[in-house]
Each structure stands twice: as C-alpha cells, then as structure tokens.
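Chemist: Have a peek at upload_3.cif (mmCIF, C-alpha atoms).
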data_run
#
loop_
_atom_site.label_atom_id
_atom_site.label_comp_id
_atom_site.auth_asym_id
_atom_site.auth_seq_id
_atom_site.Cartn_x
_atom_site.Cartn_y
_atom_site.Cartn_z
CA MET A 1 -13.00 -67.48 -28.24
CA HIS A 2 -13.32 -70.18 -30.85
CA ARG A 3 -11.85 -73.57 -29.99
CA THR A 4 -10.24 -73.87 -33.43
CA TYR A 5 -8.61 -71.24 -35.62
CA ASP A 6 -7.63 -71.69 -39.23
CA ILE A 7 -4.98 -69.00 -38.69
CA LEU A 8 -3.86 -67.62 -35.35
CA ILE A 9 -1.61 -64.54 -35.38
CA VAL A 10 0.39 -63.90 -32.24
CA GLY A 11 1.08 -60.18 -31.99
CA GLY A 12 -1.38 -57.40 -32.77
CA GLY A 13 1.01 -54.58 -33.57
CA ILE A 14 1.34 -52.99 -36.99
CA ILE A 15 2.70 -56.16 -38.63
CA GLY A 16 0.22 -58.58 -37.06
CA SER A 17 -2.65 -56.25 -37.86
CA SER A 18 -1.49 -55.87 -41.46
CA ILE A 19 -1.23 -59.65 -41.89
CA ALA A 20 -4.75 -60.03 -40.50
CA TYR A 21 -5.99 -57.34 -42.89
CA SER A 22 -4.41 -58.97 -45.94
CA LEU A 23 -5.59 -62.45 -44.97
CA SER A 24 -9.14 -61.24 -44.36
CA LYS A 25 -9.37 -60.02 -47.96
CA ARG A 26 -8.30 -63.40 -49.31
CA THR A 27 -9.94 -66.10 -47.19
CA GLN A 28 -13.15 -66.85 -45.30
CA GLY A 29 -11.40 -68.97 -42.67
CA VAL A 30 -11.50 -68.29 -38.94
CA ILE A 31 -8.66 -65.83 -38.24
CA GLY A 32 -7.67 -64.71 -34.76
CA VAL A 33 -5.15 -62.25 -33.38
CA VAL A 34 -3.98 -62.52 -29.78
CA ASP A 35 -1.90 -60.00 -27.89
CA VAL A 36 -1.17 -59.32 -24.27
CA ASP A 37 -1.26 -55.57 -24.96
CA LEU A 38 -3.64 -55.01 -27.86
CA THR A 39 -4.09 -51.35 -26.90
CA GLY A 40 -0.40 -50.92 -27.70
CA TYR A 41 0.66 -49.06 -24.59
CA TRP A 42 3.97 -50.92 -24.53
CA GLY A 43 4.12 -51.76 -28.20
CA SER A 44 6.65 -50.56 -30.73
CA THR A 45 3.91 -49.30 -33.07
CA GLU A 46 2.64 -46.72 -30.60
CA ARG A 47 6.19 -45.58 -29.85
CA ASN A 48 7.24 -45.28 -33.48
CA ALA A 49 8.48 -41.95 -34.88
CA GLY A 50 6.24 -42.24 -37.94
CA GLY A 51 8.73 -41.94 -40.80
CA VAL A 52 7.99 -43.64 -44.12
CA ARG A 53 10.58 -44.00 -46.89
CA ALA A 54 11.52 -46.18 -49.82
CA THR A 55 15.14 -45.02 -49.87
CA TRP A 56 17.07 -48.09 -48.74
CA GLU A 57 20.23 -49.95 -49.61
CA GLN A 58 18.73 -53.39 -50.28
CA PRO A 59 16.43 -53.92 -53.29
CA THR A 60 14.02 -56.02 -51.20
CA ASN A 61 13.64 -53.24 -48.64
CA ILE A 62 13.04 -50.73 -51.41
CA ASP A 63 10.34 -52.97 -52.89
CA LEU A 64 8.63 -53.50 -49.51
CA SER A 65 8.52 -49.79 -48.75
CA ARG A 66 7.63 -48.65 -52.25
CA ARG A 67 4.65 -51.00 -52.49
CA SER A 68 3.52 -49.96 -49.01
CA ILE A 69 3.80 -46.27 -49.88
CA ALA A 70 1.69 -46.82 -52.99
CA PHE A 71 -1.04 -48.16 -50.72
CA TYR A 72 -0.67 -45.38 -48.13
CA GLU A 73 -1.22 -42.86 -50.91
CA THR A 74 -4.68 -44.34 -51.48
CA VAL A 75 -5.70 -43.95 -47.82
CA ALA A 76 -3.61 -40.89 -46.95
CA ASN A 77 -6.38 -39.00 -45.13
CA GLU A 78 -7.42 -42.02 -43.07
CA VAL A 79 -3.90 -42.79 -41.85
CA GLY A 80 -2.39 -39.30 -41.68
CA PHE A 81 0.12 -39.89 -44.47
CA ARG A 82 1.87 -36.75 -45.68
CA GLN A 83 4.48 -36.99 -48.44
CA SER A 84 6.66 -34.19 -47.17
CA GLY A 85 9.95 -35.83 -48.06
CA TYR A 86 13.15 -37.03 -46.44
CA LEU A 87 16.30 -34.90 -46.39
CA TRP A 88 19.54 -36.82 -45.73
CA LEU A 89 22.68 -34.83 -44.98
CA HIS A 90 25.97 -36.49 -45.98
CA ASP A 91 29.55 -35.92 -44.95
CA ASP A 92 32.52 -37.15 -47.04
CA THR A 93 32.37 -40.74 -45.80
CA ALA A 94 28.59 -41.03 -46.03
CA TRP A 95 28.56 -39.47 -49.50
CA ASP A 96 30.95 -42.12 -50.81
CA LEU A 97 28.57 -44.80 -49.49
CA ALA A 98 25.56 -42.95 -50.87
CA GLN A 99 26.66 -43.14 -54.51
CA PRO A 100 25.87 -46.82 -55.18
CA ARG A 101 22.73 -46.58 -53.05
CA LEU A 102 21.55 -43.60 -55.07
CA SER A 103 22.17 -45.43 -58.34
CA LEU A 104 20.13 -48.39 -57.10
CA GLN A 105 17.29 -46.21 -55.86
CA GLN A 106 17.04 -44.24 -59.07
CA GLY A 107 17.35 -47.46 -61.05
CA LYS A 108 14.34 -48.74 -59.12
CA GLY A 109 12.37 -45.72 -60.27
CA LEU A 110 12.57 -43.70 -57.05
CA GLN A 111 12.69 -39.93 -57.36
CA VAL A 112 15.75 -38.77 -55.40
CA GLU A 113 17.28 -35.32 -55.81
CA ILE A 114 20.88 -34.38 -55.07
CA LEU A 115 21.31 -31.04 -53.30
CA THR A 116 24.51 -29.03 -52.98
CA VAL A 117 25.31 -27.21 -49.74
CA GLY A 118 24.12 -23.98 -51.32
CA GLU A 119 20.83 -25.55 -52.37
CA ILE A 120 20.34 -26.93 -48.86
CA LYS A 121 20.73 -23.43 -47.41
CA ASN A 122 18.30 -21.93 -49.92
CA ARG A 123 15.65 -24.58 -49.33
CA TYR A 124 16.11 -24.85 -45.54
CA PRO A 125 17.39 -21.43 -44.39
CA PHE A 126 17.26 -22.41 -40.71
CA LEU A 127 20.02 -24.99 -41.35
CA ASP A 128 22.78 -22.39 -41.10
CA ARG A 129 25.50 -24.63 -39.67
CA LEU A 130 26.45 -27.12 -42.34
CA GLY A 131 30.04 -27.75 -41.42
CA GLY A 132 31.18 -31.15 -42.66
CA VAL A 133 28.18 -31.53 -44.98
CA VAL A 134 29.16 -32.08 -48.63
CA ALA A 135 25.75 -32.87 -50.15
CA ALA A 136 22.24 -34.03 -49.39
CA THR A 137 19.61 -36.24 -50.97
CA PHE A 138 15.91 -35.45 -50.94
CA SER A 139 13.18 -37.99 -51.70
CA PRO A 140 9.87 -36.12 -52.12
CA HIS A 141 7.57 -39.16 -52.14
CA ASP A 142 8.73 -40.27 -48.69
CA GLY A 143 7.19 -38.68 -45.64
CA LEU A 144 5.37 -39.06 -42.34
CA ILE A 145 2.44 -41.19 -41.21
CA ASN A 146 0.40 -41.70 -38.05
CA PRO A 147 1.33 -45.25 -36.93
CA ASN A 148 -1.67 -45.61 -34.64
CA LEU A 149 -4.15 -44.58 -37.33
CA LEU A 150 -2.54 -47.02 -39.77
CA LYS A 151 -2.77 -49.87 -37.27
CA LEU A 152 -6.41 -49.05 -36.55
CA TYR A 153 -7.13 -48.94 -40.28
CA TYR A 154 -5.83 -52.49 -40.67
CA ARG A 155 -7.69 -53.69 -37.58
CA ASN A 156 -11.01 -52.08 -38.40
CA ALA A 157 -10.98 -53.44 -41.95
CA ALA A 158 -9.98 -56.91 -40.72
CA THR A 159 -12.64 -56.87 -38.01
CA ALA A 160 -15.28 -55.95 -40.58
CA LYS A 161 -14.27 -59.10 -42.47
CA GLY A 162 -14.65 -61.25 -39.37
CA VAL A 163 -11.15 -61.34 -37.87
CA LEU A 164 -11.28 -61.76 -34.09
CA PHE A 165 -8.88 -59.67 -31.98
CA HIS A 166 -8.32 -60.88 -28.42
CA ASN A 167 -6.67 -58.66 -25.82
CA GLN A 168 -4.78 -59.63 -22.66
CA MET A 169 -3.91 -63.05 -24.03
CA ALA A 170 -0.41 -64.49 -23.58
CA ILE A 171 0.96 -67.75 -24.98
CA GLU A 172 1.84 -70.06 -22.11
CA SER A 173 2.80 -73.12 -24.17
CA LEU A 174 2.43 -74.82 -27.55
CA THR A 175 1.86 -78.42 -28.55
CA VAL A 176 4.09 -79.41 -31.48
CA GLU A 177 3.74 -82.84 -33.05
CA GLY A 178 6.32 -83.66 -35.69
CA ARG A 179 6.39 -80.72 -38.07
CA GLN A 180 3.04 -79.30 -36.98
CA CYS A 181 1.96 -76.91 -34.24
CA ARG A 182 -1.38 -78.34 -33.11
CA LYS A 183 -2.48 -76.53 -29.96
CA VAL A 184 -1.93 -73.24 -28.19
CA ARG A 185 -2.38 -72.79 -24.47
CA LEU A 186 -3.41 -69.22 -23.70
CA CYS A 187 -3.33 -67.35 -20.43
CA GLU A 188 -5.88 -64.60 -19.91
CA MET A 189 -3.83 -61.79 -18.38
CA ARG A 190 -5.92 -59.90 -15.86
CA GLU A 191 -2.76 -58.47 -14.28
CA GLY A 192 0.98 -58.53 -14.68
CA THR A 193 1.21 -57.25 -18.26
CA GLU A 194 4.29 -55.13 -17.65
CA ALA A 195 6.08 -57.93 -15.83
CA PHE A 196 5.25 -60.39 -18.60
CA LEU A 197 6.56 -58.07 -21.32
CA LYS A 198 9.79 -57.46 -19.43
CA THR A 199 10.46 -60.96 -18.10
CA GLY A 200 8.12 -63.39 -19.86
CA GLU A 201 6.63 -64.58 -16.57
CA ILE A 202 3.05 -65.86 -16.75
CA PRO A 203 0.87 -64.79 -13.78
CA LYS A 204 0.04 -67.73 -11.53
CA ARG A 205 -3.54 -66.52 -11.05
CA GLY A 206 -4.39 -66.26 -14.73
CA SER A 207 -7.09 -68.38 -16.33
CA PHE A 208 -6.04 -70.74 -19.13
CA LEU A 209 -7.62 -71.84 -22.38
CA GLU A 210 -6.38 -74.40 -24.92
CA ILE A 211 -7.27 -73.92 -28.59
CA ASN A 212 -6.53 -75.80 -31.81
CA VAL A 213 -4.66 -74.07 -34.64
CA LYS A 214 -4.16 -75.01 -38.26
CA ILE A 215 -1.65 -72.23 -38.96
CA LEU A 216 0.34 -70.15 -36.47
CA VAL A 217 1.97 -66.80 -37.27
CA ASN A 218 4.69 -65.29 -35.10
CA ALA A 219 4.29 -61.52 -35.41
CA GLY A 220 5.54 -60.88 -31.91
CA GLY A 221 7.92 -58.05 -32.73
CA ALA A 222 10.53 -57.65 -30.02
CA TRP A 223 8.96 -60.60 -28.22
CA ALA A 224 9.14 -62.96 -31.22
CA PRO A 225 12.15 -64.89 -29.79
CA ARG A 226 10.09 -65.96 -26.75
CA LEU A 227 7.37 -67.44 -28.93
CA ALA A 228 9.95 -69.10 -31.17
CA LYS A 229 11.37 -70.97 -28.20
CA LEU A 230 7.94 -72.39 -27.44
CA TYR A 231 7.84 -74.08 -30.84
CA GLY A 232 11.43 -75.22 -30.45
CA LYS A 233 13.29 -72.69 -32.57
CA GLU A 234 15.75 -69.87 -32.08
CA THR A 235 15.35 -66.61 -33.96
CA SER A 236 18.12 -64.09 -34.46
CA VAL A 237 16.46 -61.05 -32.94
CA ILE A 238 17.35 -58.82 -30.01
CA PRO A 239 15.28 -56.03 -28.42
CA ILE A 240 17.01 -52.65 -28.30
CA ARG A 241 15.64 -49.57 -26.53
CA ARG A 242 15.34 -46.48 -28.72
CA GLN A 243 14.44 -43.05 -27.36
CA VAL A 244 12.95 -39.88 -28.77
CA ALA A 245 12.61 -36.39 -27.35
CA VAL A 246 9.86 -33.91 -28.15
CA VAL A 247 11.08 -30.34 -27.98
CA HIS A 248 9.64 -26.91 -28.67
CA SER A 249 11.31 -24.13 -30.63
CA GLN A 250 10.06 -20.56 -30.69
CA ASP A 251 12.30 -19.75 -33.67
CA VAL A 252 11.70 -22.62 -36.11
CA ASP A 253 8.41 -23.96 -37.45
CA LEU A 254 9.03 -27.32 -39.13
CA THR A 255 5.37 -27.85 -40.08
CA PRO A 256 5.94 -27.55 -43.88
CA TYR A 257 8.76 -30.08 -43.84
CA GLY A 258 9.21 -33.81 -43.49
CA MET A 259 12.00 -35.92 -42.00
CA PHE A 260 15.58 -34.72 -41.57
CA VAL A 261 18.48 -37.15 -41.08
CA ASP A 262 21.76 -35.64 -39.94
CA THR A 263 25.28 -36.88 -40.62
CA SER A 264 25.50 -37.76 -36.91
CA GLY A 265 22.56 -40.19 -37.12
CA LEU A 266 20.17 -37.76 -35.44
CA TYR A 267 16.72 -37.54 -37.04
CA PHE A 268 13.97 -34.99 -36.48
CA HIS A 269 10.63 -33.93 -37.92
CA PRO A 270 7.59 -31.76 -37.06
CA GLU A 271 5.24 -33.17 -34.43
CA GLY A 272 2.08 -31.26 -33.52
CA GLY A 273 3.70 -27.82 -33.40
CA ASN A 274 6.83 -29.24 -31.79
CA ILE A 275 9.87 -31.17 -33.00
CA LEU A 276 10.28 -34.90 -32.53
CA SER A 277 13.91 -35.96 -32.52
CA GLY A 278 15.60 -39.30 -31.99
CA TYR A 279 19.06 -40.74 -31.76
CA SER A 280 20.36 -44.29 -31.31
CA PRO A 281 23.43 -44.45 -29.02
CA SER A 282 25.80 -47.19 -30.14
CA LEU A 283 26.41 -48.40 -26.58
CA GLU A 284 22.75 -49.16 -25.81
CA GLN A 285 22.54 -52.69 -24.42
CA PRO A 286 19.87 -55.22 -25.49
CA GLY A 287 16.92 -55.77 -23.19
CA TYR A 288 13.25 -55.11 -22.55
CA ARG A 289 13.62 -51.55 -21.26
CA PHE A 290 10.96 -48.86 -21.52
CA ASP A 291 12.36 -46.21 -19.18
CA HIS A 292 12.97 -42.84 -20.80
CA ASP A 293 16.03 -40.87 -19.74
CA GLY A 294 14.11 -37.62 -20.06
CA TYR A 295 16.00 -34.36 -19.81
CA GLU A 296 19.35 -36.14 -19.58
CA PHE A 297 18.77 -37.82 -22.95
CA PHE A 298 17.73 -34.49 -24.47
CA LEU A 299 20.71 -32.68 -22.99
CA GLN A 300 23.35 -35.26 -23.92
CA GLU A 301 22.15 -36.71 -27.22
CA ILE A 302 19.62 -34.40 -28.86
CA TRP A 303 20.36 -30.77 -28.09
CA PRO A 304 24.07 -30.76 -29.06
CA ARG A 305 23.36 -32.38 -32.43
CA LEU A 306 20.48 -30.03 -33.25
CA CYS A 307 22.58 -27.01 -32.26
CA ALA A 308 25.40 -28.23 -34.47
CA ARG A 309 23.10 -27.78 -37.48
CA SER A 310 21.27 -24.56 -36.63
CA SER A 311 21.81 -21.49 -34.50
CA HIS A 312 18.00 -21.34 -34.28
CA PHE A 313 18.06 -24.53 -32.18
CA GLU A 314 20.17 -23.02 -29.40
CA LYS A 315 17.03 -22.26 -27.41
CA LEU A 316 14.88 -25.36 -27.12
CA LYS A 317 12.53 -26.62 -24.44
CA GLN A 318 12.04 -30.32 -23.83
CA VAL A 319 8.31 -31.02 -23.57
CA GLY A 320 8.24 -34.81 -23.60
CA GLY A 321 9.59 -38.02 -25.00
CA TRP A 322 9.38 -41.78 -24.77
CA ALA A 323 11.26 -45.02 -25.25
CA GLY A 324 10.26 -48.03 -27.32
CA LEU A 325 11.81 -51.18 -28.69
CA TYR A 326 13.43 -51.98 -32.00
CA GLU A 327 13.55 -55.69 -32.75
CA VAL A 328 16.92 -55.97 -34.46
CA SER A 329 18.18 -58.75 -36.70
CA PRO A 330 21.90 -59.37 -37.38
CA ASP A 331 21.69 -57.81 -40.85
CA MET A 332 19.09 -55.14 -40.00
CA SER A 333 16.52 -56.63 -42.40
CA ALA A 334 13.22 -58.26 -41.50
CA ILE A 335 12.58 -61.97 -41.02
CA ILE A 336 9.57 -63.16 -43.02
CA GLY A 337 8.42 -66.56 -44.23
CA LYS A 338 7.74 -70.12 -43.15
CA VAL A 339 9.71 -71.27 -40.11
CA GLU A 340 12.22 -73.88 -41.22
CA GLY A 341 11.42 -77.38 -39.99
CA LEU A 342 7.73 -76.65 -39.39
CA ASP A 343 4.93 -76.96 -41.93
CA ASN A 344 2.33 -74.65 -40.44
CA VAL A 345 4.26 -71.95 -38.58
CA TYR A 346 5.14 -68.62 -40.20
CA GLU A 347 6.92 -65.53 -38.94
CA ALA A 348 7.11 -61.81 -39.69
CA HIS A 349 9.20 -59.71 -37.33
CA ALA A 350 12.67 -58.15 -36.85
CA PHE A 351 11.86 -55.07 -38.93
CA SER A 352 14.58 -53.14 -37.07
CA GLY A 353 12.55 -49.93 -36.80
CA ARG A 354 10.71 -49.96 -40.13
CA GLY A 355 7.67 -52.11 -39.43
CA VAL A 356 5.30 -49.20 -39.98
CA MET A 357 6.75 -48.16 -43.31
CA GLN A 358 6.87 -51.73 -44.72
CA SER A 359 3.78 -53.13 -43.01
CA TYR A 360 1.33 -53.19 -45.91
CA ALA A 361 3.57 -55.05 -48.37
CA ALA A 362 4.87 -57.40 -45.69
CA GLY A 363 1.35 -58.39 -44.65
CA GLU A 364 0.30 -58.82 -48.25
CA ALA A 365 3.30 -61.00 -49.09
CA LEU A 366 2.95 -63.28 -46.07
CA ALA A 367 -0.78 -63.70 -46.72
CA GLU A 368 0.08 -64.87 -50.24
CA LEU A 369 2.67 -67.32 -48.96
CA ILE A 370 0.28 -68.77 -46.37
CA LEU A 371 -2.71 -69.14 -48.68
CA HIS A 372 -1.01 -69.93 -52.01
CA GLY A 373 2.29 -71.46 -50.97
CA LYS A 374 4.33 -68.85 -52.81
CA TYR A 375 4.92 -65.11 -53.04
CA GLN A 376 3.05 -63.36 -55.84
CA THR A 377 3.66 -59.60 -55.60
CA ILE A 378 7.13 -59.39 -54.00
CA ASP A 379 9.50 -62.32 -53.64
CA LEU A 380 10.67 -62.24 -50.02
CA THR A 381 12.48 -65.57 -50.11
CA SER A 382 15.74 -63.80 -49.25
CA LEU A 383 14.24 -62.68 -45.91
CA SER A 384 13.63 -66.21 -44.62
CA GLY A 385 14.91 -66.77 -41.10
CA GLY A 386 17.14 -69.58 -42.33
CA ARG A 387 19.45 -67.13 -44.08
CA PHE A 388 21.57 -66.56 -40.99
CA THR A 389 22.72 -70.17 -40.70
CA LYS A 390 23.39 -70.25 -44.45
CA GLY A 391 25.39 -67.04 -44.48
CA GLN A 392 23.01 -65.43 -47.00
CA LEU A 393 22.58 -62.09 -45.26
CA VAL A 394 20.64 -59.08 -46.53
CA PRO A 395 22.68 -56.31 -44.87
CA GLU A 396 20.81 -53.00 -44.68
CA GLY A 397 23.04 -49.99 -44.08
CA MET A 398 20.50 -47.17 -44.28
CA HIS A 399 19.03 -47.58 -40.82
CA ILE A 400 18.85 -44.89 -38.15
#
Do you think you could lay out the structure here as structure tokens?
Modeler:
Amino acid sequence: MHRTYDILIVGGGIIGSSIAYSLSKRTQGVIGVVDVDLTGYWGSTERNAGGVRATWEQPTNIDLSRRSIAFYETVANEVGFRQSGYLWLHDDTAWDLAQPRLSLQQGKGLQVEILTVGEIKNRYPFLDRLGGVVAATFSPHDGLINPNLLKLYYRNAATAKGVLFHNQMAIESLTVEGRQCRKVRLCEMREGTEAFLKTGEIPKRGSFLEINVKILVNAGGAWAPRLAKLYGKETSVIPIRRQVAVVHSQDVDLTPYGMFVDTSGLYFHPEGGNILSGYSPSLEQPGYRFDHDGYEFFLQEIWPRLCARSSHFEKLKQVGGWAGLYEVSPDMSAIIGKVEGLDNVYEAHAFSGRGVMQSYAAGEALAELILHGKYQTIDLTSLSGGRFTKGQLVPEGMHI
C-alpha cells in the first residue's frame, strides 16, 4: 500500500466502487479503496434483489435514479440491465397516495402508464386474484440489473485508471486534528471477518499499518456509523435485515416480465428460471444479522402473499434465499455530502435499499463535490447528513 492517499474510500460495495470510478475519470491523484470484505460475501450489493427504477416520491431520488438509468442504458449488456418495467398494484389507500406521486413523476418526464384492473388481467393473465386492487402503474423504462456485474464494471474501469483496491482491511482508528482527518490506522484482517462485521471487534493478531490521507470518504453502507464514530460523529443510520426467497413455479414463467410490487409490500421478479420474492416485516429489529429464516420465511411471508394474487402460485417450491442488510436513514433517503464540522471527510451511505439503482449518479455527484467543491450535475445538498438535526427531512414513501 501507499503511505499517502489523496483520496481514501472506506467501503468497496456498489457506492464506494462507483465513487472510485467517477473520481478516476476526473483526477490523477492516488485513490484507494479499502474493505474488509471486498469480495462482497457479506455485502449488501451481493445480496441485492437487482431492481432499478426512477419512480420515487422525492424529486432528488427521481433525479438520482433517472441519471443512473441513463448510464445503465449505455452499458446494458455489460451489467445485465434489462428494461422490463415495474408494475405497482394499488389498493384504495395506496391509490390516493399515488396520485401526487404520479403527477410528479410524469412532470419529471418519466413514462408511467395507468392500468385498470381489466388491463392488468389482459397484460398479466396469471394475476387472476386481484381482490382489493383498484389500479396499477407501469413504468417501462425501469427494470432489472445484475448488481455484481455493475459493481465489477465500476471496479474494473477504476482499476484501469490506477485506483487501488485493498481487501481484508479494517479501520482500527483515525487521527483527527482540528477539522482534518490526517491518518488512518488499518488492520490487515487475516481472520475474523464475520465477527468484525457483526460486532466491530478488531482481531488481536492482525497486522497494522498507518497511512496518511488527504481526503476520507465514508462509503461503509450498513457499517458507516462505526466509521463515523472514529472521526467523532454520529450518523443517523441503522442496519436492518431484509430477506428474499427464491422459488420455482411449474405453472408461471416470469421471464418476459420485470418487477412486480404488490399492495401488501411483497415484490417479485424472474430470476434465472425461478422467481425471486422479498418482503420486509415491520417488526424486524435493527442489527447486523445475516441468518436466513429459510422455509419458515417462505411459508409465513412469501407464499401466502403470492397465492393471494394468483391461483397459479398455489404450488411453489422454495429453492433458496438469503438475507442482507439495508442501511436505513430516518427519512429513507440517502446521506451524501461533506461531513459537518470536518473539512476533508465525505460520506455516501444510507441508501435504504436503493444503492444499486442510484449508484452511478451518486458517485458522480460526490466526485464533483470532492474535486470542485460543488455539485454540477445534480444538486444533492438536501441529502447532507446535517438535515436531521435541522429538521429538513427528505421523506421517501415509495420504499419496499
């Protein structure tokens, strides 16, 4: 490793990799990315469901996703991006909330269709149980992407420009002098990765290295609060376990379709000849949990909701599943910008499940702020971490 980095990014998931990619196109400085789990076995990117959409409630979230989608269109084959659309089913209550959102989305230039119950049945004949559904919206330019391929695209392009990615590296401590972070003490993790991710404990037998930094970026995802404490700040983020189930249906082939979002909050889409489906129980407690509840989760949360929409889903076989972490902010919008009170520390995390779909524009915007002192393509000032103490929230209601 170098002894001095112009920019050191902590966190090599989809957001950290995107920041590195955008920075590498704009500067010749020494850029490094450190991560305890660069392969992503435990990371949220690898455990992402792969949905991409620009249909949001907040204008800033629309802008982040729309600009990212425009980029994904240019590299669709490389990153497995397929614009197969999002279908949202609405009951009476949800449809009332959808009206102002729809006006905003269409006003932003998004193509969003309104479907009646009859049109839903004609377009999706397997959805033969639409009780309680009053309408649906369909956004054809949204779709599905391969999160791992997208992350590797960012990394490979950044590496070609000279960015250095370092695996099995954990931050043990930071040296902060006044308003500047000067030094980073790294621990080379030869063992204990799982324990560190769950508890934050540094292995006693690790080897340590101290490096100088000119700029530090916290892209730690669900682990961003731990790094924030090391530079003396609190960040309003909590880790929440989210689970998905992969099931097989002999009666329904979803391959031609995109993402479906049910009135219950269930979502599902095609996944390699199977169906990937997820649901977020409201009683899930915060914490660094990666255990998957397996058949019990499928039986209690997934199967009943799928069956409620289609008689063709009565016979399903669970073939897999996994659990990953959302990093959730109080208003369900990301935290991006310079850390208040520090001159050379930046942050980009708390994407609350949409890091993949907003990653390109987020990385681009933060690179602009770091190198030019201001946003140039999208103004993300409203997403600064200081908004929570000022009561200037950006509440996002279209999360699943």
Chemist: What residues come out when you apply the PyMOL selection byres ((chain A and resi 153) around 10) to this file, written as an MDAnalysis selection string?
Modeler: chainID A and resid 14 17:18 21 75 78:79 147:152 154:159
Chemist: Closest to Gly278 (chain A) among A:Asn48, A:Asn61, A:Thr4, A:Asn77, using all atoms listed in the file?
Modeler: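 The closest residue to Gly278 (chain A) is A:Asn48.
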Chemist: Report as a ChimeraX atom specification the residues that result from applying the PyMOL selection byres ((chain A and resi 237) around 6) to the structure here.
Modeler: /A:235-236,238,328-329
Chemist: Which residue gives the smallest distance to Leu254 (chain A) among A:Val112, A:Leu127, A:Leu209, A:Ile171, with only C-alpha atoms counted?
Modeler: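 Ranked by minimum distance to Leu254 (chain A), first place goes to A:Leu127.
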Chemist: Just checking: using only C-alpha atoms, which residue out of A:Thr377, A:Ser310, A:Asp331, A:Leu227 ends up closest to Lys121 (chain A)?
Modeler: A:Ser310
Chemist: Find the residues around region 142-145 of chain A up to 6 Å (all atoms listed in the file counted), leave out those fewer than 4 positions away in its own chain, and share them as a PyMOL selection string.
Modeler: chain A and resi 50-53+80-86+258
Chemist: Find the residues with any atom within 10 Å of (17.6, -32.4, -57.4); use only C-alpha atoms and the coordinates as given in the file, and write the answer as a list in words.
Modeler: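 In the file's frame, the residues around the point are Gln111, Val112, Glu113, Ile114, Leu115, Thr116, Glu119, Ala136, Thr137, Phe138 and Ser139 of chain A.
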Chemist: Put those residues in a file: C-alpha atoms, as a short mmCIF file (atom, residue, chain, number, x, y, z; two decimals), keeping the file's coordinate frame.
Modeler:
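Wrote again.cif, looks like this:
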data_model
loop_
_atom_site.label_atom_id
_atom_site.label_comp_id
_atom_site.auth_asym_id
_atom_site.auth_seq_id
_atom_site.Cartn_x
_atom_site.Cartn_y
_atom_site.Cartn_z
CA GLN A 111 12.69 -39.93 -57.36
CA VAL A 112 15.75 -38.77 -55.40
CA GLU A 113 17.28 -35.32 -55.81
CA ILE A 114 20.88 -34.38 -55.07
CA LEU A 115 21.31 -31.04 -53.30
CA THR A 116 24.51 -29.03 -52.98
CA GLU A 119 20.83 -25.55 -52.37
CA ALA A 136 22.24 -34.03 -49.39
CA THR A 137 19.61 -36.24 -50.97
CA PHE A 138 15.91 -35.45 -50.94
CA SER A 139 13.18 -37.99 -51.70
#
